[in-house]
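Peer 1: This is work12.txt, which holds compact mmCIF, C-alpha atoms:
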```
# COMPACT_ATOMS: atom_id res chain seq x y z
CA MET A 15 101.16 120.10 87.04
CA LYS A 16 100.00 119.75 83.45
CA LYS A 17 102.34 119.10 80.55
CA LYS A 18 101.95 118.94 76.78
CA SER A 19 100.86 115.40 76.12
CA LYS A 20 99.21 112.88 73.86
CA LEU A 21 96.29 110.75 74.94
CA PHE A 22 96.55 107.02 75.34
CA ILE A 23 94.32 104.43 76.92
CA CYS A 24 95.45 102.00 79.58
CA SER A 25 93.95 99.71 82.15
CA ILE A 26 94.83 99.87 85.81
CA LEU A 27 94.39 97.16 88.39
CA ILE A 28 94.09 97.83 92.11
CA GLY A 29 94.05 94.54 94.01
CA PHE A 30 90.37 93.87 93.74
CA THR A 31 89.22 95.41 90.44
CA MET A 32 90.15 96.73 87.04
CA VAL A 33 89.04 100.04 85.58
CA SER A 34 89.79 101.69 82.25
CA CYS A 35 91.01 105.27 82.33
CA ASP A 36 92.40 107.85 79.93
CA PHE A 37 95.82 109.15 80.85
CA LYS A 38 98.19 111.60 79.26
CA GLU A 39 101.70 110.64 78.33
CA SER A 40 104.13 113.33 79.46
CA THR A 41 106.71 114.64 77.03
CA LYS A 42 109.98 112.80 77.62
CA GLU A 43 112.68 115.08 78.89
CA GLU A 44 116.14 114.97 77.41
CA ASN A 45 118.98 113.41 79.41
CA LEU A 46 116.79 112.50 82.38
CA VAL A 47 119.51 110.67 84.27
CA GLU A 48 122.65 112.67 83.67
CA ASP A 49 121.92 115.51 86.11
CA ILE A 50 120.91 113.30 89.05
CA VAL A 51 123.24 113.35 92.04
CA LYS A 52 124.67 109.85 92.24
CA ASP A 53 124.31 107.96 95.52
CA GLU A 54 122.94 104.68 96.81
CA PHE A 55 119.60 103.90 95.17
CA GLN A 56 117.57 100.70 95.52
CA PHE A 57 115.36 98.93 93.01
CA TRP A 58 112.70 96.63 94.49
CA THR A 59 109.83 94.53 93.21
CA TRP A 60 106.84 92.84 94.84
CA THR A 61 106.08 89.21 93.97
CA SER A 62 103.89 86.41 95.33
CA ALA A 63 104.99 82.88 96.18
CA ASN A 64 103.31 79.56 95.55
CA ALA A 65 104.34 76.37 97.34
CA LYS A 66 103.78 74.38 94.13
CA LYS A 67 106.29 76.47 92.17
CA SER A 68 109.60 74.69 91.69
CA ASP A 69 112.92 75.89 93.07
CA GLU A 70 114.18 76.09 89.50
CA ALA A 71 111.33 78.42 88.53
CA TYR A 72 112.10 80.66 91.50
CA GLN A 73 115.78 80.67 90.61
CA GLN A 74 114.97 81.81 87.07
CA GLU A 75 112.63 84.53 88.32
CA PHE A 76 115.16 85.88 90.80
CA ALA A 77 118.03 85.68 88.32
CA LYS A 78 115.99 87.76 85.88
CA TYR A 79 115.42 90.46 88.48
CA LYS A 80 119.08 90.61 89.46
CA ALA A 81 120.35 90.63 85.88
CA ASN A 82 118.19 93.67 85.18
CA GLY A 83 119.18 95.83 88.13
CA ILE A 84 116.68 94.87 90.84
CA ASN A 85 118.30 94.53 94.27
CA ASP A 86 115.41 93.66 96.59
CA VAL A 87 112.42 91.34 96.33
CA LEU A 88 109.31 91.55 98.52
CA ILE A 89 107.80 88.06 98.70
CA ASN A 90 104.23 87.32 99.80
CA THR A 91 104.01 83.78 101.16
CA GLY A 92 100.68 84.34 102.91
CA THR A 93 102.66 84.52 106.21
CA ASP A 94 103.88 80.95 105.61
CA ALA A 95 107.26 81.04 107.33
CA GLU A 96 108.24 77.57 106.08
CA LEU A 97 107.68 78.57 102.46
CA LEU A 98 109.62 81.78 103.05
CA ALA A 99 112.49 79.78 104.56
CA ARG A 100 112.56 77.58 101.45
CA ILE A 101 112.57 80.47 98.98
CA THR A 102 114.87 82.92 100.75
CA PRO A 103 118.16 81.02 100.13
CA ILE A 104 117.32 80.81 96.42
CA ALA A 105 116.88 84.58 96.18
CA LYS A 106 119.94 85.23 98.32
CA LYS A 107 122.05 83.00 96.08
CA GLU A 108 121.03 85.17 93.13
CA GLY A 109 122.19 88.27 95.02
CA LEU A 110 118.82 89.64 96.15
CA GLU A 111 117.75 90.95 99.54
CA VAL A 112 114.51 89.30 100.68
CA HIS A 113 111.63 91.08 102.43
CA ALA A 114 108.77 89.13 103.99
CA TRP A 115 105.66 90.80 102.58
CA MET A 116 102.53 90.19 104.66
CA PHE A 117 98.88 91.25 104.77
CA THR A 118 98.71 92.80 108.23
CA ILE A 119 95.35 94.11 109.50
CA ASN A 120 93.45 92.81 106.47
CA ARG A 121 93.64 89.02 106.91
CA PRO A 122 91.70 87.19 104.16
CA GLY A 123 91.90 83.42 104.39
CA ASP A 124 93.35 83.48 107.91
CA LYS A 125 92.18 80.21 109.45
CA ILE A 126 92.94 81.23 113.02
CA ALA A 127 91.22 84.59 112.70
CA ASN A 128 88.18 82.99 111.10
CA GLU A 129 87.70 80.94 114.27
CA HIS A 130 87.15 84.23 116.14
CA PRO A 131 84.37 86.30 114.53
CA GLU A 132 84.64 88.82 117.36
CA TRP A 133 88.15 89.81 116.17
CA PHE A 134 86.84 91.44 112.98
CA ALA A 135 86.28 95.17 112.52
CA VAL A 136 82.72 96.51 112.62
CA SER A 137 81.43 99.43 110.54
CA ARG A 138 79.48 102.39 111.88
CA ASP A 139 76.29 100.81 110.52
CA GLY A 140 76.98 97.62 112.48
CA LYS A 141 78.33 95.28 109.78
CA SER A 142 81.25 93.00 110.61
CA CYS A 143 84.05 92.33 108.14
CA TYR A 144 83.72 88.70 109.20
CA ASP A 145 80.56 88.14 107.15
CA GLU A 146 79.82 91.49 105.45
CA PRO A 147 83.15 92.90 104.21
CA PRO A 148 83.13 96.33 102.50
CA TYR A 149 83.68 96.65 98.76
CA VAL A 150 84.97 93.13 98.06
CA GLY A 151 84.97 89.68 99.62
CA TYR A 152 88.63 89.64 100.59
CA TYR A 153 88.42 92.77 102.75
CA LYS A 154 88.59 90.86 106.03
CA TRP A 155 89.82 93.54 108.38
CA LEU A 156 90.62 92.75 111.98
CA CYS A 157 90.11 95.18 114.84
CA PRO A 158 93.49 96.73 115.72
CA THR A 159 92.31 97.68 119.23
CA ARG A 160 91.30 94.24 120.48
CA ALA A 161 94.18 92.59 122.38
CA GLU A 162 93.60 89.13 120.88
CA SER A 163 93.55 90.22 117.24
CA LYS A 164 96.56 92.48 117.77
CA ALA A 165 98.48 89.62 119.42
CA HIS A 166 97.63 87.33 116.51
CA ILE A 167 98.95 89.84 113.97
CA LEU A 168 102.16 90.32 115.92
CA SER A 169 102.66 86.56 116.21
CA LEU A 170 102.67 86.41 112.41
CA VAL A 171 105.20 89.24 112.28
CA GLU A 172 107.44 87.31 114.68
CA GLY A 173 107.15 84.10 112.67
CA LEU A 174 108.42 85.85 109.54
CA ALA A 175 111.06 87.82 111.43
CA LYS A 176 112.64 84.58 112.67
CA VAL A 177 113.32 83.30 109.14
CA GLU A 178 117.07 83.25 108.54
CA GLY A 179 118.33 85.46 105.73
CA VAL A 180 115.31 87.76 105.53
CA ALA A 181 116.20 91.48 105.52
CA SER A 182 112.85 92.89 106.66
CA VAL A 183 109.28 92.16 107.56
CA HIS A 184 107.16 94.17 105.13
CA LEU A 185 103.73 95.29 106.35
CA ASP A 186 100.97 95.70 103.77
CA TYR A 187 97.35 96.63 104.58
CA ILE A 188 98.64 98.27 107.74
CA ARG A 189 95.63 100.56 108.06
CA TYR A 190 91.86 100.59 108.28
CA SER A 191 89.62 99.78 105.33
CA ASP A 192 89.30 102.59 102.78
CA ILE A 193 87.04 105.35 104.02
CA TYR A 194 87.59 106.88 100.58
CA LEU A 195 88.53 104.87 97.49
CA PRO A 196 90.99 106.34 94.98
CA ILE A 197 88.97 108.57 92.69
CA GLY A 198 89.70 106.43 89.65
CA LEU A 199 87.84 103.49 91.19
CA LEU A 200 84.61 105.21 92.20
CA PRO A 201 82.85 104.70 88.83
CA LYS A 202 83.38 100.93 89.13
CA TYR A 203 81.19 100.89 92.23
CA ASN A 204 78.86 103.71 91.17
CA LEU A 205 79.91 105.51 94.34
CA LYS A 206 80.18 109.10 95.45
CA GLN A 207 82.31 109.44 98.55
CA GLU A 208 82.11 113.09 99.50
CA THR A 209 81.65 112.35 103.21
CA GLU A 210 82.61 109.50 105.53
CA LEU A 211 79.85 106.99 104.80
CA PRO A 212 78.78 104.68 107.66
CA GLU A 213 79.32 101.44 105.75
CA PHE A 214 82.99 102.33 105.12
CA ASP A 215 83.77 103.82 108.54
CA PHE A 216 85.59 101.44 110.97
CA CYS A 217 85.89 100.25 113.74
CA TYR A 218 82.81 100.47 115.99
CA CYS A 219 83.09 97.14 117.76
CA ASP A 220 82.33 97.00 121.48
CA VAL A 221 86.01 96.98 122.44
CA CYS A 222 86.80 100.11 120.40
CA LEU A 223 83.79 101.99 121.75
CA GLU A 224 84.40 100.97 125.36
CA THR A 225 88.14 101.72 125.19
CA PHE A 226 87.58 105.12 123.63
CA GLU A 227 84.81 106.06 126.05
CA LYS A 228 86.98 105.12 129.02
CA GLU A 229 89.75 107.39 127.74
CA HIS A 230 87.69 110.33 126.47
CA HIS A 231 84.35 110.10 128.33
CA LYS A 232 82.24 110.10 125.17
CA ASN A 233 80.89 107.44 122.82
CA PRO A 234 81.37 107.69 119.03
CA LYS A 235 77.93 106.15 118.55
CA ASP A 236 76.50 109.36 120.00
CA PHE A 237 78.37 111.67 117.61
CA GLU A 238 76.23 113.49 115.06
CA ASN A 239 79.26 113.65 112.75
CA PRO A 240 82.07 111.30 113.85
CA ALA A 241 84.35 112.57 111.06
CA ILE A 242 84.98 115.88 112.84
CA ASP A 243 85.85 114.47 116.25
CA MET A 244 89.65 114.67 116.42
CA GLU A 245 90.03 112.41 119.44
CA TRP A 246 88.13 109.62 117.69
CA LYS A 247 90.24 110.07 114.58
CA ASN A 248 93.50 110.08 116.53
CA PHE A 249 92.41 107.09 118.58
CA ARG A 250 92.27 105.02 115.40
CA LEU A 251 95.46 106.44 113.92
CA ASN A 252 97.22 105.50 117.13
CA LYS A 253 95.86 101.94 117.13
CA VAL A 254 97.55 101.37 113.78
CA LYS A 255 100.73 103.04 115.07
CA ASP A 256 100.69 100.74 118.12
CA ILE A 257 100.84 97.67 115.86
CA VAL A 258 103.63 99.16 113.74
CA ASP A 259 105.67 100.17 116.75
CA ALA A 260 105.31 96.71 118.30
CA ALA A 261 106.25 95.08 114.97
CA TYR A 262 109.32 97.33 114.85
CA GLU A 263 110.48 95.99 118.20
CA ILE A 264 109.90 92.40 117.10
CA ALA A 265 111.76 92.88 113.82
CA HIS A 266 114.74 94.55 115.46
CA LYS A 267 114.87 91.93 118.21
CA ASN A 268 115.35 89.38 115.42
CA ASN A 269 117.98 91.49 113.64
CA LYS A 270 115.60 92.49 110.85
CA ILE A 271 114.34 95.90 109.79
CA LEU A 272 110.70 96.89 109.35
CA THR A 273 109.31 98.14 106.04
CA ALA A 274 105.77 98.87 104.86
CA ALA A 275 103.63 99.58 101.81
CA VAL A 276 101.67 102.75 102.50
CA PHE A 277 99.36 105.25 100.79
CA PRO A 278 100.94 108.02 98.69
CA TYR A 279 101.84 110.65 101.33
CA PRO A 280 100.93 111.04 105.00
CA GLU A 281 98.16 113.62 104.76
CA MET A 282 96.51 111.66 101.97
CA ALA A 283 96.90 108.35 103.84
CA ASP A 284 95.42 109.96 106.95
CA HIS A 285 92.39 111.13 104.99
CA MET A 286 91.76 107.96 102.99
CA VAL A 287 92.62 105.04 105.27
CA ARG A 288 93.52 106.39 108.75
CA GLN A 289 97.23 105.81 108.26
CA ARG A 290 99.73 108.45 109.44
CA TRP A 291 102.99 106.77 108.52
CA ASP A 292 105.32 109.71 109.17
CA LYS A 293 104.70 109.17 112.91
CA TRP A 294 105.60 105.46 112.94
CA ASN A 295 108.72 103.73 114.23
CA ILE A 296 109.76 102.16 110.95
CA ASP A 297 112.90 101.87 108.86
CA LYS A 298 111.61 102.22 105.30
CA VAL A 299 108.26 103.05 103.73
CA LEU A 300 107.25 102.24 100.16
CA PRO A 301 104.35 104.60 99.37
CA MET A 302 102.20 103.27 96.54
CA ILE A 303 102.30 106.37 94.33
CA TYR A 304 100.10 104.84 91.64
CA HIS A 305 99.22 107.98 89.70
CA GLY A 306 96.62 106.32 87.49
CA PHE A 307 94.40 105.38 90.42
CA TYR A 308 94.03 109.08 91.21
CA ASN A 309 93.58 110.30 87.62
CA GLU A 310 96.93 112.06 87.84
CA GLU A 311 99.80 112.37 85.35
CA ILE A 312 103.35 111.07 85.67
CA ASP A 313 104.67 114.24 87.31
CA TRP A 314 102.40 113.58 90.31
CA ILE A 315 104.83 110.81 91.24
CA GLY A 316 107.44 113.48 91.87
CA TYR A 317 105.01 115.64 93.82
CA ALA A 318 103.78 112.85 96.09
CA THR A 319 107.32 111.58 96.65
CA GLY A 320 108.44 115.06 97.64
CA GLN A 321 105.54 115.46 100.06
CA GLY A 322 106.43 112.23 101.83
CA VAL A 323 110.13 113.08 101.99
CA LYS A 324 109.32 116.43 103.60
CA ASP A 325 107.04 114.79 106.15
CA LEU A 326 109.80 112.34 107.09
CA LYS A 327 112.36 115.10 107.66
CA ASN A 328 114.11 114.70 111.02
CA THR A 329 113.14 111.02 111.22
CA ASN A 330 115.27 107.95 110.50
CA THR A 331 112.76 106.57 107.99
CA GLU A 332 113.69 106.21 104.33
CA LEU A 333 111.16 106.63 101.52
CA HIS A 334 111.22 104.36 98.46
CA THR A 335 108.61 105.23 95.83
CA GLY A 336 106.19 102.50 94.71
CA ILE A 337 105.40 102.54 90.98
CA TYR A 338 102.52 100.69 89.33
CA ILE A 339 103.75 99.00 86.15
CA PRO A 340 100.63 97.86 84.19
CA GLY A 341 99.79 100.36 81.45
CA MET A 342 103.16 102.12 81.69
CA SER A 343 105.41 102.57 78.69
CA ALA A 344 109.17 102.26 79.02
CA GLU A 345 109.52 106.02 78.56
CA GLU A 346 107.02 106.74 81.33
CA LEU A 347 108.76 104.31 83.65
CA GLU A 348 112.08 106.05 83.08
CA GLU A 349 110.52 109.42 83.81
CA ALA A 350 108.80 108.07 86.92
CA ILE A 351 112.04 106.66 88.35
CA VAL A 352 113.90 109.88 87.71
CA LEU A 353 111.11 111.99 89.24
CA ALA A 354 111.19 109.83 92.36
CA LYS A 355 114.97 110.19 92.61
CA GLU A 356 114.94 113.93 92.01
CA ASN A 357 112.34 114.41 94.74
CA GLY A 358 114.29 112.60 97.42
CA ALA A 359 113.37 108.91 97.21
CA LYS A 360 116.08 106.46 98.25
CA GLY A 361 114.78 103.85 95.81
CA VAL A 362 111.82 102.69 93.75
CA SER A 363 109.69 99.55 93.90
CA PHE A 364 107.70 98.06 91.05
CA PHE A 365 104.29 96.42 91.34
CA ASP A 366 104.68 93.80 90.45
CA GLY A 367 107.35 91.44 89.19
CA GLY A 368 104.97 89.63 86.87
CA ALA A 369 104.05 92.90 85.14
CA LEU A 370 107.63 93.80 84.25
CA LYS A 371 108.03 93.42 80.49
CA GLU A 372 111.34 93.29 78.66
CA GLU A 373 111.14 97.01 77.84
CA HIS A 374 110.60 97.82 81.53
CA LEU A 375 113.52 95.66 82.59
CA ALA A 376 115.72 97.34 79.99
CA VAL A 377 114.95 100.74 81.51
CA ILE A 378 115.70 99.51 85.02
CA LYS A 379 118.98 97.97 83.90
CA LYS A 380 119.99 101.14 82.06
CA LEU A 381 119.31 103.33 85.08
CA LYS A 382 121.07 100.89 87.39
CA ASN A 383 124.15 101.18 85.24
CA LYS A 384 123.97 104.97 85.19
CA LEU A 385 123.44 105.42 88.91
CA THR A 386 126.04 104.56 91.51
CA LEU A 387 124.40 101.98 93.76
```
Can you give me the file's structure in the form of structure tokens?

Peer 2:
Amino acid sequence: MKKKSKLFICSILIGFTMVSCDFKESTKEENLVEDIVKDEFQFWTWTSANAKKSDEAYQQEFAKYKANGINDVLINTGTDAELLARITPIAKKEGLEVHAWMFTINRPGDKIANEHPEWFAVSRDGKSCYDEPPYVGYYKWLCPTRAESKAHILSLVEGLAKVEGVASVHLDYIRYSDIYLPIGLLPKYNLKQETELPEFDFCYCDVCLETFEKEHHKNPKDFENPAIDMEWKNFRLNKVKDIVDAAYEIAHKNNKILTAAVFPYPEMADHMVRQRWDKWNIDKVLPMIYHGFYNEEIDWIGYATGQGVKDLKNTNTELHTGIYIPGMSAEELEEAIVLAKENGAKGVSFFDGGALKEEHLAVIKKLKNKLTL
């Protein structure tokens, strides 16, 4: 998937760190939009809320999105339903659909969870995310098997789902901690991850081990190589699915849909973070196809989108491609959107609203006007 290109330097940010990488700028194709089949196509963006921010400031932010072709806004209020209830009418008045973006299994700063150290996931080498989180301090992963931690997560889903005017509850960090980091981040940590390393392999808490042993009559602690035991792998994939499927029921009971931010395509998500999202009960997925994190070029966005669309065939789940804005030129953004559309995406989402420059917004507005939405 190589193209003639010129080299440019950009910085990419992935939640907890920044790395500098060399990328190649793909040659811009002529008339990228004209040949696309016109149908409904959504433009989304992720943004975070702050209780101290004024209603007027929110109104201006939302008006900017709408004026430039963005239809949907995913708002992180830290699962604060009251703040979400305050902000949602402002966004709705500006013509946006609101999605309640929440950290799901990773719960940094969760006061209730922090009162229960036993709820936190434990690595194969016996370290708890409660006091020894992997990689970075905010990786505070809960155990998805334990009934109490699962119930807590679902109570947060329900709190957001009850907010009037919200279109969906949007699950982020709906997975285990990274068993493998994106390749572009490994130099930052001076890591080689060629096998499943014990300190990044979760969860080995007593509840997980006992539950698995009761079902399968073997204990993962006894495995010489846990990575090759399919029952142990599927056990964990299914624990994530159980939370999603329960959240789906809660959302629909409250007349909302369920959406989620996921890793680029199912096989890759399975390998990296024990997340098999093509098997979930969910309405829309927004795979984070952030090509720079994987040392890939722009055309990889089309490839990864296409893989996910194929894996969702014969399901009712829509795929909307997530695009990482920092370091992207306007020309690259246009190509990325078109590649997503051509490969079957029903929309695109931009991370994040604060990174959208005037040249990015101009591209979005142009494509909105060219596509029938």

Peer 1: What's the 8 Å shell around Val254 in chain A, counting only C-alpha atoms, without same-chain residues fewer than 4 positions away, as a list in words?

Peer 2: Pro158, Ile188, Arg189, Tyr190, Arg250, Val258 and Gln289 of chain A

Peer 1: By how many Å are CA of Ala71 in chain A and CA of Gly123 in chain A apart?

Peer 2: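 Computed distance, CA of Ala71 in chain A to CA of Gly123 in chain A, equals 25.6 Å.
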
Peer 1: Out of A:Thr61, A:Thr91, A:Thr335, A:Ser343, which residue has the shortest atom-to-atom distance to Val377 in chain A when counting only C-alpha atoms?

Peer 2: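 Selected residue with least distance to Val377 in chain A: A:Ser343.
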
Peer 1: Report, in Å with one decimal, the straight-line distance from CA of His113 in chain A to CA of Leu97 in chain A.

Peer 2: 13.1 Å

Peer 1: Can you work out which one of A:Arg100, A:Lys107, A:Lys293, A:Arg121 has the shortest atom-to-atom distance to Gly151 in chain A, counting only C-alpha atoms?

Peer 2: A:Arg121

Peer 1: One number please: CA of Cys157 in chain A to CA of Trp133 in chain A, in Å, one decimal.

Peer 2: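 Here the two named atoms are 5.9 Å from each other.
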
Peer 1: Enclose the full set of atoms of range 252-271 of chain A listed in the file within a box whose edges lie along x, y and z, apply 5 Å of padding to each of the six sides, and report centre and edge lengths in Å to one decimal as AutoDock Vina command-line options.

Peer 2:
```
--center_x 106.9 --center_y 97.4 --center_z 114.0 --size_x 32.1 --size_y 26.1 --size_z 18.5
```

Peer 1: Rank A:Ser182, A:Thr331, A:Ser62, A:Gln321 by their smallest atom-to-atom distance to Ile89 in chain A, using only C-alpha atoms, and report the top residue only.

Peer 2: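 Of A:Ser182, A:Thr331, A:Ser62, A:Gln321, the one nearest Ile89 in chain A, counting only C-alpha atoms, is A:Ser62.
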
Peer 1: Could the residues of range 171-242 of chain A that have an atom at most 7 Å from range 306-319 of chain A be listed as a tab-separated table, each with its closest atom pair and the distance in Å to one decimal, counting all atoms listed in the file and ordered by chain and ascending residue number?

Peer 2:
```
residue	atom	partner	partner_atom	distance
A:Pro196	CA	A:Tyr308	CA	5.6
A:Ile197	CA	A:Tyr308	CA	5.3
A:Gly198	CA	A:Phe307	CA	4.9
A:Leu199	CA	A:Phe307	CA	6.9
```

Peer 1: Rank A:Asn120, A:Asn295, A:Thr93, A:Asn82 by their smallest atom-to-atom distance to Asn330 in chain A, using all atoms listed in the file, and report the top residue only.

Peer 2: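 For Asn330 in chain A, the nearest of the given residues is A:Asn295.
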